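Undergrad: My file is my_file15.cif. It has mmCIF, C-alpha atoms:
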data_input
#
loop_
_atom_site.label_atom_id
_atom_site.label_comp_id
_atom_site.auth_asym_id
_atom_site.auth_seq_id
_atom_site.Cartn_x
_atom_site.Cartn_y
_atom_site.Cartn_z
CA MET A 27 -11.26 -16.65 -9.64
CA ASP A 28 -9.22 -19.79 -9.68
CA LYS A 29 -5.98 -20.40 -7.82
CA LYS A 30 -3.79 -19.80 -10.88
CA ASN A 31 -5.17 -16.31 -11.48
CA ALA A 32 -5.04 -15.48 -7.78
CA MET A 33 -1.41 -16.58 -7.61
CA ARG A 34 -0.56 -14.54 -10.72
CA ALA A 35 -2.26 -11.42 -9.28
CA GLY A 36 -0.41 -11.86 -5.97
CA VAL A 37 2.96 -12.27 -7.68
CA VAL A 38 2.39 -9.20 -9.87
CA ALA A 39 1.30 -7.10 -6.86
CA ALA A 40 4.24 -8.26 -4.74
CA GLY A 41 6.71 -7.76 -7.58
CA THR A 42 5.42 -4.28 -8.33
CA THR A 43 5.61 -3.29 -4.66
CA LEU A 44 9.12 -4.68 -4.32
CA MET A 45 10.35 -2.90 -7.44
CA MET A 46 8.84 0.39 -6.27
CA LEU A 47 10.56 0.06 -2.91
CA LEU A 48 13.91 -0.85 -4.46
CA MET A 49 13.80 1.88 -7.11
CA SER A 50 12.73 4.72 -4.82
CA ALA A 51 15.43 7.00 -3.53
CA PRO A 52 15.84 7.44 0.21
CA ALA A 53 14.35 10.59 1.67
CA LEU A 54 17.63 11.81 3.15
CA ALA A 55 15.66 14.15 5.39
CA LEU A 56 18.60 14.59 7.75
CA THR A 57 20.82 16.07 5.04
CA PRO A 58 19.74 19.65 4.29
CA ASP A 59 19.93 20.84 0.70
CA ASP A 60 21.37 24.17 -0.37
CA GLY A 61 18.80 26.92 0.11
CA ASP A 62 16.76 25.06 2.70
CA ASP A 63 15.12 27.41 5.15
CA PRO A 64 12.96 25.30 7.47
CA GLY A 65 10.50 27.20 9.61
CA PRO A 66 9.78 26.61 13.25
CA GLY A 67 8.23 23.27 14.14
CA LEU A 68 4.61 22.76 15.11
CA SER A 69 3.53 22.06 18.66
CA VAL A 70 1.46 18.98 19.47
CA MET A 71 -1.75 21.04 19.67
CA GLU A 72 -1.03 22.78 16.35
CA THR A 73 -0.38 19.44 14.69
CA LEU A 74 -3.58 17.90 16.08
CA GLY A 75 -5.57 20.97 15.08
CA LEU A 76 -4.21 21.01 11.56
CA TYR A 77 -4.31 17.29 10.77
CA VAL A 78 -7.17 15.99 12.95
CA ILE A 79 -9.58 18.71 14.05
CA ALA A 80 -9.61 20.83 10.87
CA PRO A 81 -10.52 17.90 8.55
CA ILE A 82 -13.29 16.77 10.94
CA VAL A 83 -14.71 20.30 11.11
CA LEU A 84 -14.54 20.63 7.34
CA PHE A 85 -16.33 17.29 6.93
CA VAL A 86 -19.07 18.35 9.36
CA VAL A 87 -19.55 21.71 7.62
CA ILE A 88 -19.81 20.12 4.17
CA THR A 89 -22.20 17.45 5.47
CA GLY A 90 -24.35 20.10 7.15
CA LEU A 91 -24.47 22.21 3.99
CA VAL A 92 -25.51 19.22 1.91
CA MET A 93 -28.25 18.29 4.38
CA VAL A 94 -29.58 21.84 4.69
CA LEU A 95 -29.47 22.61 0.97
CA ASP A 96 -30.95 19.24 -0.10
CA LYS A 97 -33.85 19.95 -2.47
CA SER A 98 -35.16 16.41 -2.81
CA LYS A 99 -38.59 15.55 -1.48
CA LYS A 100 -38.67 13.86 1.90
CA GLN A 101 -40.11 10.36 2.02
CA VAL A 102 -42.72 9.75 4.69
#
Could you spell out this file's structure in structure tokens?
TA:
Amino acid sequence: MDKKNAMRAGVVAAGTTLMMLLMSAPALALTPDDGDDPGPGLSVMETLGLYVIAPIVLFVVITGLVMVLDKSKKQV
């Protein structure tokens, strides 16, 4: 890829990112909407369990199932 194409790709990527940031509405998470009924917050351990430990366990289970149920012939 020559410098002209690289520059064009960089400008397009930067322009697209800038436009997306400028056009997106702010989250306004501090202003509750009508009908909001937030539940109780999660503790640190619940958050770690839900977003760290559970995906790792799920990955290990799927990997184990694939390895155990693999029907291909083993190479010696």
Undergrad: Please measure the separation of atom CA of A:Glu72 and atom CA of A:Leu84, giving the value in Å to one decimal.
TA: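 These two atoms are separated by 16.4 Å.
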Undergrad: Go ahead and compute the interatomic distance for atom CA of A:Leu76 and atom CA of A:Asp59, in Å to one decimal.
TA: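 Rounded to one decimal, the two atoms are 26.5 Å apart.
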Undergrad: What are the centre and the three edge lengths of an axis-aligned box that wraps all atoms of stretch 68-86 of chain A in the file, given that 8 Å is added to every side, written as AutoDock Vina command-line options and rounded to one decimal in Å?
TA:
--center_x -7.2 --center_y 19.4 --center_z 13.3 --size_x 39.7 --size_y 22.8 --size_z 28.7
Undergrad: Between atom CA of A:Gly65 and atom CA of A:Pro81, what is the distance, to one decimal in Å?
TA: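 One can read the atom CA of A:Gly65 to atom CA of A:Pro81 distance as 23.0 Å.
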